[in-house]
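Undergrad: Just so it is clear, I am handing over structure-v5.pdb, which has PDB, C-alpha atoms, pLDDT in the B column.
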```pdb
MODEL        1
ATOM      1  CA  MET A   1      13.379   4.797  -9.664  1.00 97.00           C
ATOM      2  CA  LEU A   2      12.481   2.334 -12.414  1.00 97.00           C
ATOM      3  CA  VAL A   3      12.986  -1.393 -11.794  1.00 97.00           C
ATOM      4  CA  ASP A   4      12.581  -3.586 -14.887  1.00 95.00           C
ATOM      5  CA  ASP A   5      14.992  -6.017 -16.550  1.00 93.00           C
ATOM      6  CA  HIS A   6      14.191  -4.829 -20.106  1.00 92.00           C
ATOM      7  CA  PRO A   7      16.296  -1.731 -21.006  1.00 93.00           C
ATOM      8  CA  ILE A   8      14.093  -0.812 -23.985  1.00 92.00           C
ATOM      9  CA  VAL A   9      10.974  -1.035 -21.823  1.00 90.00           C
ATOM     10  CA  ARG A  10      12.585   1.165 -19.167  1.00 93.00           C
ATOM     11  CA  GLU A  11      13.502   3.732 -21.807  1.00 94.00           C
ATOM     12  CA  GLY A  12       9.890   3.935 -22.928  1.00 93.00           C
ATOM     13  CA  TYR A  13       8.645   4.403 -19.379  1.00 93.00           C
ATOM     14  CA  ARG A  14      11.342   6.958 -18.661  1.00 94.00           C
ATOM     15  CA  ARG A  15      10.260   9.087 -21.632  1.00 95.00           C
ATOM     16  CA  LEU A  16       6.593   8.809 -20.651  1.00 94.00           C
ATOM     17  CA  ILE A  17       7.242   9.735 -17.019  1.00 95.00           C
ATOM     18  CA  GLU A  18       9.676  12.571 -17.692  1.00 95.00           C
ATOM     19  CA  ARG A  19       7.177  14.244 -20.038  1.00 94.00           C
ATOM     20  CA  GLN A  20       5.097  14.940 -16.931  1.00 92.00           C
ATOM     21  CA  PRO A  21       5.914  18.207 -15.095  1.00 91.00           C
ATOM     22  CA  GLY A  22       8.015  17.659 -11.978  1.00 89.00           C
ATOM     23  CA  HIS A  23       8.841  14.023 -12.738  1.00 93.00           C
ATOM     24  CA  ARG A  24      12.417  12.791 -13.150  1.00 94.00           C
ATOM     25  CA  VAL A  25      13.886   9.276 -13.136  1.00 96.00           C
ATOM     26  CA  VAL A  26      16.896   9.300 -10.805  1.00 96.00           C
ATOM     27  CA  ALA A  27      17.858   5.593 -10.987  1.00 96.00           C
ATOM     28  CA  GLU A  28      17.196   2.413 -12.960  1.00 97.00           C
ATOM     29  CA  ALA A  29      17.679  -1.182 -11.831  1.00 96.00           C
ATOM     30  CA  GLU A  30      17.439  -4.580 -13.528  1.00 95.00           C
ATOM     31  CA  THR A  31      17.449  -6.896 -10.487  1.00 94.00           C
ATOM     32  CA  ALA A  32      16.058  -6.977  -6.961  1.00 93.00           C
ATOM     33  CA  ALA A  33      19.543  -6.662  -5.446  1.00 92.00           C
ATOM     34  CA  GLU A  34      20.372  -3.680  -7.647  1.00 95.00           C
ATOM     35  CA  ALA A  35      17.037  -2.060  -6.803  1.00 95.00           C
ATOM     36  CA  TYR A  36      17.759  -2.336  -3.082  1.00 95.00           C
ATOM     37  CA  ARG A  37      21.272  -0.934  -3.471  1.00 95.00           C
ATOM     38  CA  LEU A  38      20.207   1.969  -5.695  1.00 96.00           C
ATOM     39  CA  PHE A  39      17.227   2.808  -3.516  1.00 96.00           C
ATOM     40  CA  LYS A  40      19.564   3.410  -0.582  1.00 95.00           C
ATOM     41  CA  SER A  41      21.891   5.640  -2.610  1.00 95.00           C
ATOM     42  CA  ALA A  42      19.359   7.503  -4.786  1.00 95.00           C
ATOM     43  CA  THR A  43      16.546   7.758  -2.182  1.00 94.00           C
ATOM     44  CA  PRO A  44      13.768   8.157  -4.793  1.00 96.00           C
ATOM     45  CA  ASP A  45      10.397   9.575  -3.782  1.00 95.00           C
ATOM     46  CA  LEU A  46       8.714   6.729  -5.694  1.00 97.00           C
ATOM     47  CA  THR A  47       9.776   3.355  -7.088  1.00 97.00           C
ATOM     48  CA  VAL A  48       8.036   1.778 -10.100  1.00 97.00           C
ATOM     49  CA  MET A  49       8.662  -1.945  -9.727  1.00 96.00           C
ATOM     50  CA  ASP A  50       8.209  -4.906 -12.058  1.00 95.00           C
ATOM     51  CA  LEU A  51       7.615  -8.276 -10.376  1.00 92.00           C
ATOM     52  CA  SER A  52       9.296 -10.624 -12.873  1.00 88.00           C
ATOM     53  CA  LEU A  53      13.011 -10.021 -12.460  1.00 90.00           C
ATOM     54  CA  PRO A  54      16.031 -12.305 -12.909  1.00 88.00           C
ATOM     55  CA  GLY A  55      16.709 -14.245  -9.712  1.00 86.00           C
ATOM     56  CA  ALA A  56      14.809 -12.795  -6.779  1.00 89.00           C
ATOM     57  CA  GLY A  57      11.696 -11.021  -8.012  1.00 89.00           C
ATOM     58  CA  GLY A  58       9.871  -7.820  -7.248  1.00 92.00           C
ATOM     59  CA  LEU A  59       8.151  -9.119  -4.122  1.00 93.00           C
ATOM     60  CA  GLU A  60      11.532  -9.675  -2.510  1.00 92.00           C
ATOM     61  CA  ALA A  61      12.743  -6.243  -3.632  1.00 94.00           C
ATOM     62  CA  ILE A  62       9.635  -4.586  -2.179  1.00 96.00           C
ATOM     63  CA  ARG A  63      10.055  -6.448   1.094  1.00 93.00           C
ATOM     64  CA  HIS A  64      13.738  -5.476   1.459  1.00 92.00           C
ATOM     65  CA  ILE A  65      13.195  -1.828   0.536  1.00 96.00           C
ATOM     66  CA  ARG A  66      10.316  -1.492   2.972  1.00 95.00           C
ATOM     67  CA  GLN A  67      12.365  -3.131   5.729  1.00 93.00           C
ATOM     68  CA  TRP A  68      15.045  -0.473   5.184  1.00 94.00           C
ATOM     69  CA  ASP A  69      12.571   2.406   4.779  1.00 95.00           C
ATOM     70  CA  ARG A  70       9.050   1.932   6.113  1.00 94.00           C
ATOM     71  CA  THR A  71       7.937   5.125   4.329  1.00 95.00           C
ATOM     72  CA  ALA A  72       9.062   3.955   0.859  1.00 96.00           C
ATOM     73  CA  ARG A  73       6.376   4.409  -1.803  1.00 97.00           C
ATOM     74  CA  ILE A  74       6.375   1.585  -4.324  1.00 97.00           C
ATOM     75  CA  LEU A  75       4.120   1.157  -7.341  1.00 97.00           C
ATOM     76  CA  VAL A  76       4.070  -2.262  -8.991  1.00 96.00           C
ATOM     77  CA  PHE A  77       3.889  -2.135 -12.805  1.00 95.00           C
ATOM     78  CA  THR A  78       3.737  -5.643 -14.203  1.00 92.00           C
ATOM     79  CA  MET A  79       2.351  -8.107 -16.734  1.00 90.00           C
ATOM     80  CA  HIS A  80       0.936 -10.204 -13.865  1.00 87.00           C
ATOM     81  CA  GLN A  81      -2.839  -9.813 -14.180  1.00 84.00           C
ATOM     82  CA  SER A  82      -3.472 -11.766 -11.007  1.00 82.00           C
ATOM     83  CA  ALA A  83      -5.570 -10.370  -8.154  1.00 84.00           C
ATOM     84  CA  PRO A  84      -4.058 -12.818  -5.604  1.00 83.00           C
ATOM     85  CA  PHE A  85      -0.543 -11.800  -6.675  1.00 86.00           C
ATOM     86  CA  ALA A  86      -1.535  -8.140  -6.339  1.00 90.00           C
ATOM     87  CA  LEU A  87      -2.603  -8.789  -2.758  1.00 89.00           C
ATOM     88  CA  LYS A  88       0.808 -10.349  -2.041  1.00 90.00           C
ATOM     89  CA  ALA A  89       2.470  -7.222  -3.424  1.00 93.00           C
ATOM     90  CA  PHE A  90       0.432  -5.057  -1.043  1.00 93.00           C
ATOM     91  CA  GLU A  91       1.278  -7.393   1.841  1.00 91.00           C
ATOM     92  CA  ALA A  92       4.970  -7.002   0.965  1.00 92.00           C
ATOM     93  CA  GLY A  93       4.618  -3.209   1.171  1.00 94.00           C
ATOM     94  CA  ALA A  94       3.545  -1.905  -2.247  1.00 96.00           C
ATOM     95  CA  SER A  95       1.187   1.074  -2.398  1.00 95.00           C
ATOM     96  CA  GLY A  96      -0.121   0.514  -5.911  1.00 95.00           C
ATOM     97  CA  TYR A  97      -0.521  -2.134  -8.594  1.00 96.00           C
ATOM     98  CA  VAL A  98      -0.961  -1.393 -12.296  1.00 95.00           C
ATOM     99  CA  THR A  99      -0.809  -3.939 -15.113  1.00 94.00           C
ATOM    100  CA  LYS A 100       1.198  -3.271 -18.272  1.00 93.00           C
ATOM    101  CA  THR A 101      -1.920  -3.715 -20.389  1.00 91.00           C
ATOM    102  CA  SER A 102      -3.290  -0.494 -18.850  1.00 92.00           C
ATOM    103  CA  PRO A 103      -3.263   2.734 -20.901  1.00 93.00           C
ATOM    104  CA  PRO A 104      -0.321   5.094 -20.251  1.00 93.00           C
ATOM    105  CA  GLU A 105      -2.506   7.673 -18.538  1.00 93.00           C
ATOM    106  CA  GLU A 106      -3.518   5.087 -15.939  1.00 94.00           C
ATOM    107  CA  LEU A 107       0.139   4.549 -15.034  1.00 94.00           C
ATOM    108  CA  ILE A 108       0.676   8.314 -14.705  1.00 95.00           C
ATOM    109  CA  ARG A 109      -2.410   8.670 -12.500  1.00 95.00           C
ATOM    110  CA  ALA A 110      -1.174   5.817 -10.305  1.00 96.00           C
ATOM    111  CA  ILE A 111       2.281   7.401 -10.006  1.00 96.00           C
ATOM    112  CA  ASP A 112       0.751  10.695  -8.881  1.00 95.00           C
ATOM    113  CA  THR A 113      -1.588   8.943  -6.424  1.00 96.00           C
ATOM    114  CA  VAL A 114       1.132   6.836  -4.808  1.00 96.00           C
ATOM    115  CA  ALA A 115       3.544   9.797  -4.730  1.00 94.00           C
ATOM    116  CA  ARG A 116       0.934  11.692  -2.693  1.00 94.00           C
ATOM    117  CA  GLY A 117       0.712   8.810  -0.220  1.00 94.00           C
ATOM    118  CA  GLY A 118      -2.398   7.166  -1.648  1.00 95.00           C
ATOM    119  CA  ARG A 119      -3.117   3.695  -3.015  1.00 94.00           C
ATOM    120  CA  ALA A 120      -3.715   2.863  -6.654  1.00 94.00           C
ATOM    121  CA  LEU A 121      -5.077  -0.085  -8.622  1.00 92.00           C
ATOM    122  CA  SER A 122      -5.519  -0.466 -12.354  1.00 92.00           C
ATOM    123  CA  ALA A 123      -9.120  -1.024 -13.428  1.00 90.00           C
ATOM    124  CA  ASP A 124      -8.635  -4.687 -14.370  1.00 89.00           C
ATOM    125  CA  ILE A 125      -7.124  -5.671 -11.017  1.00 89.00           C
ATOM    126  CA  ALA A 126      -9.706  -3.619  -9.098  1.00 88.00           C
ATOM    127  CA  ALA A 127     -12.511  -5.456 -10.909  1.00 85.00           C
ATOM    128  CA  ASP A 128     -10.942  -8.861 -10.211  1.00 81.00           C
ATOM    129  CA  LEU A 129     -10.464  -8.050  -6.531  1.00 78.00           C
ATOM    130  CA  ALA A 130     -14.041  -6.810  -6.218  1.00 76.00           C
ATOM    131  CA  ALA A 131     -15.393  -9.969  -7.870  1.00 70.00           C
ATOM    132  CA  GLU A 132     -13.253 -12.132  -5.602  1.00 68.00           C
ATOM    133  CA  ARG A 133     -14.502 -10.361  -2.481  1.00 64.00           C
ATOM    134  CA  LEU A 134     -18.145 -10.428  -3.592  1.00 62.00           C
ATOM    135  CA  THR A 135     -18.053 -14.171  -4.200  1.00 61.00           C
ATOM    136  CA  ARG A 136     -15.949 -14.653  -1.049  1.00 56.00           C
ATOM    137  CA  ARG A 137     -13.611 -16.911  -3.001  1.00 60.00           C
ATOM    138  CA  GLY A 138     -10.328 -17.749  -1.337  1.00 62.00           C
ATOM    139  CA  GLY A 139      -7.339 -18.844  -3.376  1.00 71.00           C
ATOM    140  CA  PRO A 140      -4.200 -20.875  -2.699  1.00 74.00           C
ATOM    141  CA  LEU A 141      -2.045 -17.746  -2.365  1.00 78.00           C
ATOM    142  CA  ASP A 142      -4.125 -16.625   0.617  1.00 80.00           C
ATOM    143  CA  GLU A 143      -2.238 -19.226   2.640  1.00 82.00           C
ATOM    144  CA  LEU A 144       1.234 -17.936   1.741  1.00 87.00           C
ATOM    145  CA  ALA A 145       3.352 -15.079   3.076  1.00 89.00           C
ATOM    146  CA  PRO A 146       4.934 -12.805   0.430  1.00 89.00           C
ATOM    147  CA  ARG A 147       8.328 -14.538   0.683  1.00 90.00           C
ATOM    148  CA  GLU A 148       6.668 -17.944   0.290  1.00 92.00           C
ATOM    149  CA  ALA A 149       4.794 -16.683  -2.781  1.00 90.00           C
ATOM    150  CA  GLU A 150       8.088 -15.426  -4.229  1.00 90.00           C
ATOM    151  CA  ILE A 151       9.822 -18.766  -3.633  1.00 93.00           C
ATOM    152  CA  LEU A 152       6.890 -20.547  -5.260  1.00 92.00           C
ATOM    153  CA  ARG A 153       7.156 -18.229  -8.285  1.00 89.00           C
ATOM    154  CA  MET A 154      10.872 -18.870  -8.591  1.00 91.00           C
ATOM    155  CA  PHE A 155      10.449 -22.625  -8.261  1.00 91.00           C
ATOM    156  CA  ALA A 156       7.601 -22.718 -10.793  1.00 89.00           C
ATOM    157  CA  SER A 157       9.718 -20.604 -13.185  1.00 86.00           C
ATOM    158  CA  GLY A 158      12.262 -23.423 -13.304  1.00 88.00           C
ATOM    159  CA  GLN A 159      14.882 -22.197 -10.842  1.00 90.00           C
ATOM    160  CA  ALA A 160      16.673 -24.895  -8.867  1.00 92.00           C
ATOM    161  CA  ALA A 161      16.723 -24.826  -5.067  1.00 93.00           C
ATOM    162  CA  GLU A 162      20.417 -23.862  -5.141  1.00 94.00           C
ATOM    163  CA  GLU A 163      19.695 -20.894  -7.434  1.00 93.00           C
ATOM    164  CA  ILE A 164      16.851 -19.716  -5.215  1.00 93.00           C
ATOM    165  CA  ALA A 165      19.046 -19.988  -2.123  1.00 93.00           C
ATOM    166  CA  ASP A 166      21.774 -17.902  -3.790  1.00 92.00           C
ATOM    167  CA  ALA A 167      19.327 -15.258  -5.041  1.00 89.00           C
ATOM    168  CA  LEU A 168      17.663 -14.847  -1.638  1.00 90.00           C
ATOM    169  CA  CYS A 169      20.904 -15.190   0.371  1.00 88.00           C
ATOM    170  CA  LEU A 170      19.483 -18.148   2.278  1.00 91.00           C
ATOM    171  CA  SER A 171      20.834 -21.614   2.963  1.00 94.00           C
ATOM    172  CA  LEU A 172      19.816 -24.554   0.801  1.00 94.00           C
ATOM    173  CA  LYS A 173      18.272 -26.182   3.877  1.00 94.00           C
ATOM    174  CA  THR A 174      16.105 -23.103   4.485  1.00 95.00           C
ATOM    175  CA  ILE A 175      14.832 -23.176   0.901  1.00 94.00           C
ATOM    176  CA  GLN A 176      14.089 -26.890   1.204  1.00 94.00           C
ATOM    177  CA  ASN A 177      12.129 -26.177   4.391  1.00 95.00           C
ATOM    178  CA  TYR A 178      10.196 -23.399   2.629  1.00 94.00           C
ATOM    179  CA  HIS A 179       9.471 -25.783  -0.239  1.00 94.00           C
ATOM    180  CA  SER A 180       7.998 -28.364   2.144  1.00 93.00           C
ATOM    181  CA  GLN A 181       5.967 -25.719   3.997  1.00 93.00           C
ATOM    182  CA  ILE A 182       4.542 -24.328   0.761  1.00 94.00           C
ATOM    183  CA  LYS A 183       3.526 -27.791  -0.453  1.00 91.00           C
ATOM    184  CA  ALA A 184       1.842 -28.487   2.884  1.00 91.00           C
ATOM    185  CA  LYS A 185       0.002 -25.143   2.976  1.00 90.00           C
ATOM    186  CA  LEU A 186      -1.281 -25.559  -0.582  1.00 88.00           C
ATOM    187  CA  GLY A 187      -2.035 -29.273  -0.257  1.00 87.00           C
ATOM    188  CA  ALA A 188       0.170 -29.998  -3.278  1.00 87.00           C
ATOM    189  CA  ARG A 189       0.748 -33.706  -3.719  1.00 85.00           C
ATOM    190  CA  THR A 190       3.756 -33.393  -6.029  1.00 89.00           C
ATOM    191  CA  ASP A 191       6.101 -30.738  -7.394  1.00 90.00           C
ATOM    192  CA  ALA A 192       4.184 -30.879 -10.681  1.00 90.00           C
ATOM    193  CA  HIS A 193       0.972 -30.109  -8.776  1.00 90.00           C
ATOM    194  CA  LEU A 194       2.768 -27.189  -7.096  1.00 89.00           C
ATOM    195  CA  VAL A 195       3.810 -25.782 -10.483  1.00 89.00           C
ATOM    196  CA  TRP A 196       0.257 -26.180 -11.800  1.00 87.00           C
ATOM    197  CA  LEU A 197      -1.079 -24.199  -8.828  1.00 87.00           C
ATOM    198  CA  ALA A 198       1.459 -21.423  -9.444  1.00 86.00           C
ATOM    199  CA  ILE A 199       0.481 -21.193 -13.100  1.00 84.00           C
ATOM    200  CA  ALA A 200      -3.231 -21.194 -12.227  1.00 81.00           C
ATOM    201  CA  GLU A 201      -2.656 -18.286  -9.804  1.00 80.00           C
ATOM    202  CA  GLY A 202      -0.835 -16.220 -12.448  1.00 78.00           C
ATOM    203  CA  LEU A 203       2.591 -16.355 -10.799  1.00 82.00           C
ATOM    204  CA  VAL A 204       4.396 -17.568 -13.922  1.00 80.00           C
ATOM    205  CA  LEU A 205       4.640 -15.558 -17.123  1.00 68.00           C
ATOM    206  CA  ASP A 206       6.140 -16.173 -20.543  1.00 49.00           C
ATOM    207  CA  ARG A 207       9.551 -14.452 -20.189  1.00 45.00           C
ATOM    208  CA  ARG A 208       9.340 -13.414 -23.836  1.00 38.00           C
ATOM    209  CA  GLU A 209       6.707 -10.867 -22.850  1.00 40.00           C
ATOM    210  CA  PRO A 210       7.792  -7.412 -21.595  1.00 41.00           C
TER     211      PRO A 210
ENDMDL
END
```
In structure tokens, what does this structure look like?

TA:
Amino acid sequence: MLVDDHPIVREGYRRLIERQPGHRVVAEAETAAEAYRLFKSATPDLTVMDLSLPGAGGLEAIRHIRQWDRTARILVFTMHQSAPFALKAFEAGASGYVTKTSPPEELIRAIDTVARGGRALSADIAADLAAERLTRRGGPLDELAPREAEILRMFASGQAAEEIADALCLSLKTIQNYHSQIKAKLGARTDAHLVWLAIAEGLVLDRREP
């Protein structure tokens, strides 16, 4: 299953994937909610998941799918070149993380690896993670659970608390509580500081990019 909100981008990936022997795309989704619904009906062997989706993002989709099926194999394919964000994807239940700047053959290798039950990382993210571990640097996202990281991304992307509550099927009060907890965990003094931290951690992308 392909999960990406750009139809033209999905078409390109579909053609690339289906040129490989034994590979077939059985479903396509544009949102986290649609991904969850189609996963249950199509039962794909592998899901290729973008993280930047309208409303709830890929982290939330990964979390929901893995709650429904603990054996689900999910490969993140995204523009987010952020090692901390990659770690959150793995915490949510992903088995691989490849950036969209990677060559096509790297995506195909990752698909095959994850489909066999392995783990895959694109070279750029692997290098960033190795450097982070060698220098023993911790980042702000280390303090957040995957759902908290997703709410931070949504907030920093300009979504109002009411929109976030609707997208995640939570009450406004719950989102407000999450907001306060995230600020406290990150030591953010203001909402502007919180947005700056999200940008610095690579959670927010220019939506004009694929």

Undergrad: Nearest residue to Phe85 of chain A out of A:Ser180, A:Thr43, A:Ser52, A:Thr113, using only C-alpha atoms?

TA: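 When distances to Phe85 of chain A are compared using only C-alpha atoms, the smallest one comes from A:Ser52.
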
Undergrad: Tell me which residues the PyMOL selection byres ((chain A and resi 53) around 9) grabs here, as a PyMOL selection string.

TA: chain A and resi 3-5+30-32+50-52+54-58

Undergrad: Any idea what the distance is between atom CA of Ala86 of chain A and atom CA of Glu162 of chain A?

TA: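 Interatomic distance here is 27.0 Å.
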
Undergrad: Considering all atoms listed in the file, can you say which of A:Leu87, A:Gln81, A:Glu106, A:Ile111 comes closest to Thr47 of chain A?

TA: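 So, comparing all the options, the nearest one is A:Ile111.
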
Undergrad: Could you state which residues are captured by the PyMOL selection byres ((chain A and resi 151-160) around 10) in this file, as a VMD selection string?

TA: chain A and resid 52 to 57 59 to 60 141 144 146 to 150 161 to 165 167 to 168 175 178 to 179 182 to 183 191 to 192 194 to 199 201 to 207

Undergrad: Residues of the last selection are to be written out with C-alpha atoms, as an mmCIF file, keeping the file's coordinate frame.

TA:
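The resulting selection.cif:
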```
data_model
loop_
_atom_site.group_PDB
_atom_site.id
_atom_site.type_symbol
_atom_site.label_atom_id
_atom_site.label_comp_id
_atom_site.auth_asym_id
_atom_site.auth_seq_id
_atom_site.Cartn_x
_atom_site.Cartn_y
_atom_site.Cartn_z
ATOM 1 C CA SER A 52 9.296 -10.624 -12.873
ATOM 2 C CA LEU A 53 13.011 -10.021 -12.460
ATOM 3 C CA PRO A 54 16.031 -12.305 -12.909
ATOM 4 C CA GLY A 55 16.709 -14.245 -9.712
ATOM 5 C CA ALA A 56 14.809 -12.795 -6.779
ATOM 6 C CA GLY A 57 11.696 -11.021 -8.012
ATOM 7 C CA LEU A 59 8.151 -9.119 -4.122
ATOM 8 C CA GLU A 60 11.532 -9.675 -2.510
ATOM 9 C CA LEU A 141 -2.045 -17.746 -2.365
ATOM 10 C CA LEU A 144 1.234 -17.936 1.741
ATOM 11 C CA PRO A 146 4.934 -12.805 0.430
ATOM 12 C CA ARG A 147 8.328 -14.538 0.683
ATOM 13 C CA GLU A 148 6.668 -17.944 0.290
ATOM 14 C CA ALA A 149 4.794 -16.683 -2.781
ATOM 15 C CA GLU A 150 8.088 -15.426 -4.229
ATOM 16 C CA ALA A 161 16.723 -24.826 -5.067
ATOM 17 C CA GLU A 162 20.417 -23.862 -5.141
ATOM 18 C CA GLU A 163 19.695 -20.894 -7.434
ATOM 19 C CA ILE A 164 16.851 -19.716 -5.215
ATOM 20 C CA ALA A 165 19.046 -19.988 -2.123
ATOM 21 C CA ALA A 167 19.327 -15.258 -5.041
ATOM 22 C CA LEU A 168 17.663 -14.847 -1.638
ATOM 23 C CA ILE A 175 14.832 -23.176 0.901
ATOM 24 C CA TYR A 178 10.196 -23.399 2.629
ATOM 25 C CA HIS A 179 9.471 -25.783 -0.239
ATOM 26 C CA ILE A 182 4.542 -24.328 0.761
ATOM 27 C CA LYS A 183 3.526 -27.791 -0.453
ATOM 28 C CA ASP A 191 6.101 -30.738 -7.394
ATOM 29 C CA ALA A 192 4.184 -30.879 -10.681
ATOM 30 C CA LEU A 194 2.768 -27.189 -7.096
ATOM 31 C CA VAL A 195 3.810 -25.782 -10.483
ATOM 32 C CA TRP A 196 0.257 -26.180 -11.800
ATOM 33 C CA LEU A 197 -1.079 -24.199 -8.828
ATOM 34 C CA ALA A 198 1.459 -21.423 -9.444
ATOM 35 C CA ILE A 199 0.481 -21.193 -13.100
ATOM 36 C CA GLU A 201 -2.656 -18.286 -9.804
ATOM 37 C CA GLY A 202 -0.835 -16.220 -12.448
ATOM 38 C CA LEU A 203 2.591 -16.355 -10.799
ATOM 39 C CA VAL A 204 4.396 -17.568 -13.922
ATOM 40 C CA LEU A 205 4.640 -15.558 -17.123
ATOM 41 C CA ASP A 206 6.140 -16.173 -20.543
ATOM 42 C CA ARG A 207 9.551 -14.452 -20.189
#
```

Undergrad: What are the closest atom pairs, with distances in Å to one decimal, for each residue of segment 54-116 of chain A lying within 12 Å of segment 20-24 of chain A, using all atoms listed in the file, rows by chain and rising residue number, as CSV?

TA:
```
residue,atom,partner,partner_atom,distance
A:Pro104,CA,A:Gln20,CA,11.7
A:Glu105,CA,A:Gln20,CA,10.6
A:Leu107,CA,A:Gln20,CA,11.7
A:Ile108,CA,A:Gln20,CA,8.3
A:Arg109,CA,A:Gln20,CA,10.7
A:Ile111,CA,A:His23,CA,9.7
A:Asp112,CA,A:His23,CA,9.6
A:Ala115,CA,A:His23,CA,10.5
```

Undergrad: So that I can see what lies close to Ala83 of chain A, please list as a PyMOL selection string the residues with an atom at most 9 Å from it, counting all atoms listed in the file and leaving out residues fewer than 5 positions away in the same chain.

TA: chain A and resi 88+124-129+132+201-202

Undergrad: Identify all residues satisfying the PyMOL selection byres ((chain A and resi 69-73) around 8) in the given file; provide them as number ranges by chain.

TA: A: 45-47, 65-68, 74-75, 94-95, 114-115, 117

Undergrad: Could you jot down the atom CA of Gly96 of chain A to atom CA of Ser122 of chain A separation for me, Å, one decimal place?

TA: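 Computing it gives 8.5 Å between the two atoms.
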
Undergrad: Quick check, in Å to one decimal: how far apart do atom CA of Ser82 of chain A and atom CA of Leu186 of chain A lie?

TA: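 Separation between atom CA of Ser82 of chain A and atom CA of Leu186 of chain A: 17.4 Å.
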
Undergrad: Once you add 5 Å to each side, what are the centre and edge lengths of the axis-aligned box holding all listed atoms of segment 12-17 of chain A? One decimal in Å, as lines of an AutoDock Vina configuration file, if you can.

TA:
```
center_x = 9.0
center_y = 6.8
center_z = -20.0
size_x = 14.7
size_y = 15.8
size_z = 15.9
```
